[in-house]
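**Q** File query-v9.pdb below, PDB, C-alpha atoms:
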ATOM      1  CA  MET A 182      -7.881  14.192   5.774  1.00  0.00           C
ATOM      2  CA  ALA A 183      -6.176  15.689   8.839  1.00  0.00           C
ATOM      3  CA  ARG A 184      -7.594  14.749  12.222  1.00  0.00           C
ATOM      4  CA  TYR A 185      -6.714  15.512  15.843  1.00  0.00           C
ATOM      5  CA  THR A 186      -4.872  12.454  17.184  1.00  0.00           C
ATOM      6  CA  GLU A 187      -3.824  13.503  20.697  1.00  0.00           C
ATOM      7  CA  ALA A 188      -5.720  12.976  23.967  1.00  0.00           C
ATOM      8  CA  VAL A 189      -9.179  14.463  23.452  1.00  0.00           C
ATOM      9  CA  CYS A 190      -9.625  15.100  27.188  1.00  0.00           C
ATOM     10  CA  LYS A 191      -7.162  17.961  26.735  1.00  0.00           C
ATOM     11  CA  LEU A 192      -9.647  19.619  24.399  1.00  0.00           C
ATOM     12  CA  CYS A 193     -12.337  19.662  27.098  1.00  0.00           C
ATOM     13  CA  ARG A 194      -9.852  21.037  29.597  1.00  0.00           C
ATOM     14  CA  ARG A 195      -8.745  23.730  27.158  1.00  0.00           C
ATOM     15  CA  GLU A 196     -12.326  24.892  26.613  1.00  0.00           C
ATOM     16  CA  GLY A 197     -13.175  24.747  30.297  1.00  0.00           C
ATOM     17  CA  GLN A 198     -16.152  22.410  29.978  1.00  0.00           C
ATOM     18  CA  LYS A 199     -17.104  18.861  29.053  1.00  0.00           C
ATOM     19  CA  LEU A 200     -17.495  18.405  25.311  1.00  0.00           C
ATOM     20  CA  TYR A 201     -18.398  14.703  25.643  1.00  0.00           C
ATOM     21  CA  LEU A 202     -15.851  13.592  23.057  1.00  0.00           C
ATOM     22  CA  LYS A 203     -15.178  10.115  24.507  1.00  0.00           C
ATOM     23  CA  GLY A 204     -18.692   8.756  24.816  1.00  0.00           C
ATOM     24  CA  GLU A 205     -19.523   6.766  27.950  1.00  0.00           C
ATOM     25  CA  ARG A 206     -16.171   7.577  29.575  1.00  0.00           C
ATOM     26  CA  CYS A 207     -17.290  11.219  29.906  1.00  0.00           C
ATOM     27  CA  PHE A 208     -20.096  10.124  32.253  1.00  0.00           C
ATOM     28  CA  LYS A 209     -17.761   8.196  34.592  1.00  0.00           C
ATOM     29  CA  ASP A 210     -15.197   9.060  37.257  1.00  0.00           C
ATOM     30  CA  LYS A 211     -12.410   8.301  34.773  1.00  0.00           C
ATOM     31  CA  CYS A 212     -13.266  11.478  32.852  1.00  0.00           C
ATOM     32  CA  GLY A 213     -10.098  13.544  32.417  1.00  0.00           C
ATOM     33  CA  PHE A 214     -11.987  16.812  32.906  1.00  0.00           C
ATOM     34  CA  GLU A 215     -13.296  15.638  36.288  1.00  0.00           C
ATOM     35  CA  LYS A 216      -9.752  14.880  37.422  1.00  0.00           C
ATOM     36  CA  LYS A 217      -8.173  18.035  36.031  1.00  0.00           C
ATOM     37  CA  GLY A 218     -10.674  20.780  35.303  1.00  0.00           C
ATOM     38  CA  TYR A 219      -8.046  23.350  34.362  1.00  0.00           C
ATOM     39  CA  PRO A 220      -6.382  24.013  30.973  1.00  0.00           C
ATOM     40  CA  PRO A 221      -3.485  21.712  30.025  1.00  0.00           C
ATOM     41  CA  GLY A 222       0.108  22.879  29.950  1.00  0.00           C
ATOM     42  CA  GLN A 223       2.684  24.289  32.351  1.00  0.00           C
ATOM     43  CA  HIS A 224       0.688  27.454  33.042  1.00  0.00           C
ATOM     44  CA  GLY A 225      -2.761  25.911  32.879  1.00  0.00           C
ATOM     45  CA  GLN A 226      -3.673  26.721  36.485  1.00  0.00           C
ATOM     46  CA  MET A 227      -2.755  30.393  36.208  1.00  0.00           C
ATOM     47  CA  ARG A 228      -5.605  32.897  36.016  1.00  0.00           C
ATOM     48  CA  LYS A 229      -5.574  34.814  32.767  1.00  0.00           C
ATOM     49  CA  LYS A 230      -7.609  37.767  31.599  1.00  0.00           C
ATOM     50  CA  VAL A 231      -9.343  36.883  28.332  1.00  0.00           C
ATOM     51  CA  SER A 232      -9.950  39.572  25.700  1.00  0.00           C
ATOM     52  CA  ASP A 233     -13.128  39.839  23.610  1.00  0.00           C
ATOM     53  CA  TYR A 234     -11.249  38.302  20.689  1.00  0.00           C
ATOM     54  CA  GLY A 235     -10.044  35.499  22.932  1.00  0.00           C
ATOM     55  CA  MET A 236     -13.613  34.696  23.994  1.00  0.00           C
ATOM     56  CA  GLN A 237     -14.779  34.661  20.384  1.00  0.00           C
ATOM     57  CA  LEU A 238     -11.894  32.428  19.327  1.00  0.00           C
ATOM     58  CA  ARG A 239     -12.474  29.968  22.161  1.00  0.00           C
ATOM     59  CA  GLU A 240     -16.182  29.727  21.288  1.00  0.00           C
ATOM     60  CA  LYS A 241     -15.349  28.906  17.677  1.00  0.00           C
ATOM     61  CA  GLN A 242     -12.770  26.318  18.731  1.00  0.00           C
ATOM     62  CA  LYS A 243     -15.238  24.757  21.157  1.00  0.00           C
ATOM     63  CA  VAL A 244     -17.936  24.290  18.508  1.00  0.00           C
ATOM     64  CA  LYS A 245     -15.408  22.922  15.996  1.00  0.00           C
ATOM     65  CA  ARG A 246     -14.268  20.361  18.550  1.00  0.00           C
ATOM     66  CA  ILE A 247     -17.775  19.343  19.585  1.00  0.00           C
ATOM     67  CA  TYR A 248     -18.692  18.473  15.994  1.00  0.00           C
ATOM     68  CA  GLY A 249     -15.228  17.291  14.912  1.00  0.00           C
ATOM     69  CA  VAL A 250     -14.888  19.809  12.077  1.00  0.00           C
ATOM     70  CA  LEU A 251     -11.648  21.369  10.860  1.00  0.00           C
ATOM     71  CA  GLU A 252     -11.159  25.083  10.160  1.00  0.00           C
ATOM     72  CA  ALA A 253     -11.555  25.049   6.368  1.00  0.00           C
ATOM     73  CA  GLN A 254     -14.832  23.136   6.476  1.00  0.00           C
ATOM     74  CA  PHE A 255     -16.088  25.248   9.365  1.00  0.00           C
ATOM     75  CA  ARG A 256     -15.553  28.396   7.292  1.00  0.00           C
ATOM     76  CA  VAL A 257     -17.512  26.844   4.442  1.00  0.00           C
ATOM     77  CA  TYR A 258     -20.375  26.094   6.818  1.00  0.00           C
ATOM     78  CA  PHE A 259     -20.304  29.673   8.116  1.00  0.00           C
ATOM     79  CA  ALA A 260     -20.418  31.065   4.563  1.00  0.00           C
ATOM     80  CA  LYS A 261     -23.496  28.912   3.854  1.00  0.00           C
ATOM     81  CA  ALA A 262     -25.098  30.062   7.105  1.00  0.00           C
ATOM     82  CA  VAL A 263     -24.642  33.701   6.098  1.00  0.00           C
ATOM     83  CA  GLN A 264     -26.326  33.119   2.741  1.00  0.00           C
ATOM     84  CA  ARG A 265     -29.438  31.538   4.265  1.00  0.00           C
ATOM     85  CA  GLU A 266     -32.411  33.423   5.641  1.00  0.00           C
ATOM     86  CA  GLY A 267     -32.667  33.683   9.399  1.00  0.00           C
ATOM     87  CA  ILE A 268     -30.161  34.115  12.211  1.00  0.00           C
ATOM     88  CA  THR A 269     -26.650  33.283  11.030  1.00  0.00           C
ATOM     89  CA  GLY A 270     -25.515  31.643  14.263  1.00  0.00           C
ATOM     90  CA  GLU A 271     -28.546  29.378  14.438  1.00  0.00           C
ATOM     91  CA  ASN A 272     -28.182  28.532  10.748  1.00  0.00           C
ATOM     92  CA  LEU A 273     -24.599  27.459  11.435  1.00  0.00           C
ATOM     93  CA  LEU A 274     -25.587  25.152  14.283  1.00  0.00           C
ATOM     94  CA  GLN A 275     -28.386  23.678  12.189  1.00  0.00           C
ATOM     95  CA  ILE A 276     -25.945  22.821   9.396  1.00  0.00           C
ATOM     96  CA  LEU A 277     -23.639  21.119  11.902  1.00  0.00           C
ATOM     97  CA  GLU A 278     -26.525  19.176  13.456  1.00  0.00           C
ATOM     98  CA  ARG A 279     -27.639  17.939  10.037  1.00  0.00           C
ATOM     99  CA  ARG A 280     -24.335  16.161   9.378  1.00  0.00           C
ATOM    100  CA  LEU A 281     -24.870  12.428   8.950  1.00  0.00           C
ATOM    101  CA  ASP A 282     -22.284  11.516  11.583  1.00  0.00           C
ATOM    102  CA  ASN A 283     -24.084  13.784  14.057  1.00  0.00           C
ATOM    103  CA  VAL A 284     -27.455  12.192  13.246  1.00  0.00           C
ATOM    104  CA  VAL A 285     -25.965   8.725  13.810  1.00  0.00           C
ATOM    105  CA  PHE A 286     -24.609   9.912  17.156  1.00  0.00           C
ATOM    106  CA  ARG A 287     -27.752  11.772  18.210  1.00  0.00           C
ATOM    107  CA  SER A 288     -29.889   8.744  17.306  1.00  0.00           C
ATOM    108  CA  GLY A 289     -27.883   6.592  19.701  1.00  0.00           C
ATOM    109  CA  PHE A 290     -26.042   4.327  17.248  1.00  0.00           C
ATOM    110  CA  ALA A 291     -22.691   5.609  18.541  1.00  0.00           C
ATOM    111  CA  SER A 292     -21.504   6.881  21.916  1.00  0.00           C
ATOM    112  CA  SER A 293     -19.541   9.787  20.412  1.00  0.00           C
ATOM    113  CA  ARG A 294     -19.405  11.734  17.158  1.00  0.00           C
ATOM    114  CA  ASN A 295     -15.935  10.391  16.464  1.00  0.00           C
ATOM    115  CA  GLU A 296     -17.236   6.827  16.724  1.00  0.00           C
ATOM    116  CA  ALA A 297     -20.229   7.756  14.540  1.00  0.00           C
ATOM    117  CA  ARG A 298     -17.873   9.165  11.910  1.00  0.00           C
ATOM    118  CA  GLN A 299     -15.991   5.870  11.802  1.00  0.00           C
ATOM    119  CA  PHE A 300     -19.209   3.881  11.400  1.00  0.00           C
ATOM    120  CA  VAL A 301     -20.295   6.096   8.497  1.00  0.00           C
ATOM    121  CA  ASN A 302     -16.856   5.910   6.853  1.00  0.00           C
ATOM    122  CA  HIS A 303     -16.940   2.119   7.075  1.00  0.00           C
ATOM    123  CA  ASN A 304     -20.241   1.867   5.170  1.00  0.00           C
ATOM    124  CA  HIS A 305     -22.404   0.660   8.047  1.00  0.00           C
ATOM    125  CA  PHE A 306     -25.322   3.004   7.263  1.00  0.00           C
ATOM    126  CA  VAL A 307     -27.656   3.772   4.378  1.00  0.00           C
ATOM    127  CA  VAL A 308     -29.846   6.846   3.875  1.00  0.00           C
ATOM    128  CA  ASN A 309     -33.180   6.177   2.166  1.00  0.00           C
ATOM    129  CA  GLY A 310     -31.790   2.814   1.096  1.00  0.00           C
ATOM    130  CA  LYS A 311     -28.691   4.283  -0.549  1.00  0.00           C
ATOM    131  CA  LYS A 312     -25.142   3.747   0.665  1.00  0.00           C
ATOM    132  CA  ILE A 313     -23.701   6.975   2.095  1.00  0.00           C
ATOM    133  CA  ASN A 314     -20.209   6.931   3.574  1.00  0.00           C
ATOM    134  CA  ILE A 315     -19.690  10.700   3.773  1.00  0.00           C
ATOM    135  CA  PRO A 316     -19.879  11.947   7.407  1.00  0.00           C
ATOM    136  CA  SER A 317     -20.641  15.521   6.286  1.00  0.00           C
ATOM    137  CA  PHE A 318     -23.678  14.457   4.229  1.00  0.00           C
ATOM    138  CA  GLN A 319     -26.592  16.788   5.047  1.00  0.00           C
ATOM    139  CA  VAL A 320     -29.818  15.025   6.007  1.00  0.00           C
ATOM    140  CA  LYS A 321     -33.225  16.585   5.392  1.00  0.00           C
ATOM    141  CA  PRO A 322     -36.730  16.070   6.809  1.00  0.00           C
ATOM    142  CA  GLY A 323     -38.121  12.684   5.819  1.00  0.00           C
ATOM    143  CA  ASP A 324     -34.731  10.998   5.455  1.00  0.00           C
ATOM    144  CA  VAL A 325     -34.392   7.549   7.010  1.00  0.00           C
ATOM    145  CA  VAL A 326     -30.956   6.604   8.337  1.00  0.00           C
ATOM    146  CA  GLU A 327     -30.707   2.825   8.703  1.00  0.00           C
ATOM    147  CA  LEU A 328     -28.043   0.430   9.909  1.00  0.00           C
ATOM    148  CA  LYS A 329     -27.177  -2.253   7.363  1.00  0.00           C
ATOM    149  CA  GLU A 330     -28.398  -5.767   8.101  1.00  0.00           C
ATOM    150  CA  LYS A 331     -24.887  -7.229   8.306  1.00  0.00           C
ATOM    151  CA  SER A 332     -23.818  -4.511  10.775  1.00  0.00           C
ATOM    152  CA  ARG A 333     -26.559  -5.113  13.346  1.00  0.00           C
ATOM    153  CA  LYS A 334     -24.490  -7.550  15.381  1.00  0.00           C
ATOM    154  CA  ILE A 335     -21.686  -5.074  16.074  1.00  0.00           C
ATOM    155  CA  PRO A 336     -21.390  -4.998  19.903  1.00  0.00           C
ATOM    156  CA  ARG A 337     -20.429  -1.307  20.140  1.00  0.00           C
ATOM    157  CA  ILE A 338     -23.556  -0.220  18.261  1.00  0.00           C
ATOM    158  CA  ASN A 339     -25.883  -2.371  20.360  1.00  0.00           C
ATOM    159  CA  GLU A 340     -24.235  -1.237  23.574  1.00  0.00           C
ATOM    160  CA  SER A 341     -24.652   2.374  22.521  1.00  0.00           C
ATOM    161  CA  LEU A 342     -28.344   1.890  21.672  1.00  0.00           C
ATOM    162  CA  GLU A 343     -28.949   0.455  25.137  1.00  0.00           C
ATOM    163  CA  THR A 344     -27.634   3.599  26.821  1.00  0.00           C
ATOM    164  CA  ALA A 345     -28.901   6.128  24.239  1.00  0.00           C
ATOM    165  CA  GLU A 346     -31.909   7.309  26.223  1.00  0.00           C
ATOM    166  CA  GLY A 347     -29.673   8.233  29.148  1.00  0.00           C
ATOM    167  CA  ARG A 348     -27.689  10.552  26.886  1.00  0.00           C
ATOM    168  CA  GLY A 349     -30.879  12.018  25.419  1.00  0.00           C
ATOM    169  CA  ILE A 350     -32.390  11.710  21.935  1.00  0.00           C
ATOM    170  CA  PRO A 351     -33.573  14.974  20.318  1.00  0.00           C
ATOM    171  CA  GLU A 352     -37.187  15.458  19.304  1.00  0.00           C
ATOM    172  CA  TRP A 353     -36.329  16.114  15.656  1.00  0.00           C
ATOM    173  CA  VAL A 354     -35.476  12.447  15.102  1.00  0.00           C
ATOM    174  CA  THR A 355     -37.491   9.291  15.812  1.00  0.00           C
ATOM    175  CA  VAL A 356     -35.493   6.162  16.585  1.00  0.00           C
ATOM    176  CA  ASP A 357     -36.727   2.634  15.937  1.00  0.00           C
ATOM    177  CA  LYS A 358     -34.383   0.445  17.988  1.00  0.00           C
ATOM    178  CA  THR A 359     -35.780  -2.862  16.787  1.00  0.00           C
ATOM    179  CA  GLY A 360     -35.571  -1.737  13.160  1.00  0.00           C
ATOM    180  CA  TYR A 361     -32.152  -0.128  13.635  1.00  0.00           C
ATOM    181  CA  LYS A 362     -33.257   3.047  11.921  1.00  0.00           C
ATOM    182  CA  SER A 363     -33.790   6.720  12.611  1.00  0.00           C
ATOM    183  CA  THR A 364     -36.195   9.077  10.829  1.00  0.00           C
ATOM    184  CA  VAL A 365     -35.542  12.812  10.520  1.00  0.00           C
ATOM    185  CA  ASN A 366     -38.865  14.438  11.459  1.00  0.00           C
ATOM    186  CA  ARG A 367     -37.894  18.051  10.918  1.00  0.00           C
ATOM    187  CA  LEU A 368     -34.945  20.405  10.832  1.00  0.00           C
ATOM    188  CA  PRO A 369     -33.207  20.802  14.194  1.00  0.00           C
ATOM    189  CA  ALA A 370     -34.125  23.978  16.096  1.00  0.00           C
ATOM    190  CA  ARG A 371     -31.901  26.003  18.410  1.00  0.00           C
ATOM    191  CA  ASP A 372     -33.717  24.625  21.456  1.00  0.00           C
ATOM    192  CA  ASP A 373     -32.742  21.084  20.408  1.00  0.00           C
ATOM    193  CA  ILE A 374     -29.063  21.820  21.089  1.00  0.00           C
ATOM    194  CA  ALA A 375     -28.366  21.475  24.801  1.00  0.00           C
ATOM    195  CA  TYR A 376     -24.692  22.460  24.706  1.00  0.00           C
ATOM    196  CA  ASP A 377     -23.620  25.727  26.309  1.00  0.00           C
ATOM    197  CA  ILE A 378     -22.866  27.469  23.012  1.00  0.00           C
ATOM    198  CA  HIS A 379     -22.834  31.226  22.396  1.00  0.00           C
ATOM    199  CA  GLU A 380     -22.992  31.257  18.611  1.00  0.00           C
ATOM    200  CA  HIS A 381     -23.181  35.053  18.412  1.00  0.00           C
ATOM    201  CA  LEU A 382     -19.512  35.159  19.446  1.00  0.00           C
ATOM    202  CA  ILE A 383     -18.595  33.091  16.381  1.00  0.00           C
ATOM    203  CA  VAL A 384     -20.564  35.440  14.136  1.00  0.00           C
ATOM    204  CA  GLU A 385     -18.750  38.405  15.681  1.00  0.00           C
ATOM    205  CA  LEU A 386     -15.379  36.718  15.125  1.00  0.00           C
ATOM    206  CA  TYR A 387     -15.959  36.010  11.422  1.00  0.00           C
ATOM    207  CA  SER A 388     -17.594  39.390  10.832  1.00  0.00           C
ATOM    208  CA  LYS A 389     -14.432  41.346  11.632  1.00  0.00           C
TER     209      LYS A 389
END
Reformat the file's structure so that it appears as structure tokens.

**A**
Amino acid sequence: MARYTEAVCKLCRREGQKLYLKGERCFKDKCGFEKKGYPPGQHGQMRKKVSDYGMQLREKQKVKRIYGVLEAQFRVYFAKAVQREGITGENLLQILERRLDNVVFRSGFASSRNEARQFVNHNHFVVNGKKINIPSFQVKPGDVVELKEKSRKIPRINESLETAEGRGIPEWVTVDKTGYKSTVNRLPARDDIAYDIHEHLIVELYSK
């Protein structure tokens, strides 16, 4: 599957805000966005007038990059969000939050969603006792995401758990550090997502 392989700090600079794509590095002085807070490229520091379409497009790109989702899959998620009852934009964010790789990240087992995706791909986690190595797997209330016994000595996971509270753990999951597991208490609500996201712009973009 295609993945972005260039410097991810450029993505934060392009969107004009921190997307926290590199884990702990994003909280330090080495953060690329802190050093260069303007868009990358030869004309990055030039002021440009952004059209309504441009704002909508940038919002979509920003959300895709936060959750590490490509265009085709993002469109599928949007189509599902439209079909569900409720507000389409909030439905979309809820679907993205319910991805297994996001739950692993939000529970503190990984310092970034990209790292969480790798852990899931490499069979380090089980859901309700069953092996799940699909990052896009949708969790539901009552699901228990647990780190395998043989994976509990991985330094990166233990280091991430130690600093998890500083990054913030959402209320819709309960984390048992000693048991290396996370329980999904309920579906994530809009208030559980702290990112500066204007989902209505994405709905407007796809509704044209």

**Q** Work out how far apart atom CA of A:Ser317 and atom CA of A:Asp282 are and give it in Å to one decimal.

**A** 6.8 Å

**Q** Given the file shown, determine the residues that the PyMOL selection byres ((chain A and resi 290) around 6) selects; report them as a PDB file with C-alpha atoms, in the frame of the given file.

**A**
ATOM      1  CA  VAL A 285     -25.965   8.725  13.810  1.00  0.00           C
ATOM      2  CA  PHE A 286     -24.609   9.912  17.156  1.00  0.00           C
ATOM      3  CA  SER A 288     -29.889   8.744  17.306  1.00  0.00           C
ATOM      4  CA  GLY A 289     -27.883   6.592  19.701  1.00  0.00           C
ATOM      5  CA  ALA A 291     -22.691   5.609  18.541  1.00  0.00           C
ATOM      6  CA  ILE A 338     -23.556  -0.220  18.261  1.00  0.00           C
ATOM      7  CA  SER A 341     -24.652   2.374  22.521  1.00  0.00           C
ATOM      8  CA  LEU A 342     -28.344   1.890  21.672  1.00  0.00           C
TER       9      LEU A 342
END

**Q** Between atom CA of A:Ile247 and atom CA of A:Gln275, what is the distance, to one decimal in Å?

**A**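 Here the two named atoms are 13.6 Å from each other.
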
**Q** Identify, on the basis of all atoms listed in the file, every residue whose closest approach to stretch 356-373 of chain A does not exceed 10 Å; exclude the query and any residue fewer than 6 positions from it along the same chain; express the result as an MDAnalysis selection string.

**A** chainID A and resid 270:272 274:279 284:285 287:290 306:309 320:330 332:333 338:339 342:343 350

**Q** Point out the residue among A:Pro316, A:Gly235, A:Pro336, A:Pro351 with the least atom-to-atom distance to A:His303, counting only C-alpha atoms.

**A** A:Pro316

**Q** Pick out the closest residue to A:His305 from this set: A:Ile335, A:Tyr234, A:Asn283, A:Gly249. Count all atoms listed in the file.

**A**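 So, comparing all the options, the nearest one is A:Ile335.
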
**Q** How far is it from atom CA of A:Lys241 to atom CA of A:Leu382, in Å with one decimal?

**A**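 So the two atoms, atom CA of A:Lys241 and atom CA of A:Leu382, lie 7.7 Å apart.
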
**Q** Please determine, counting all atoms listed in the file, which residue among A:Ile313, A:Leu386, A:Ile268, A:Leu273 has the shortest atom-to-atom distance to A:Phe255.

**A**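 Using all atoms listed in the file, A:Phe255 sits closest to A:Leu273.
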
**Q** Would you compute the box with edges along x, y and z of the file around stretch 333-348 of chain A, including every atom the file lists for it and 8 Å extra on each side, and give its centre and edge lengths in Å to one decimal, as lines of an AutoDock Vina configuration file?

**A**
center_x = -26.2
center_y = 1.5
center_z = 21.2
size_x = 27.5
size_y = 34.1
size_z = 31.8
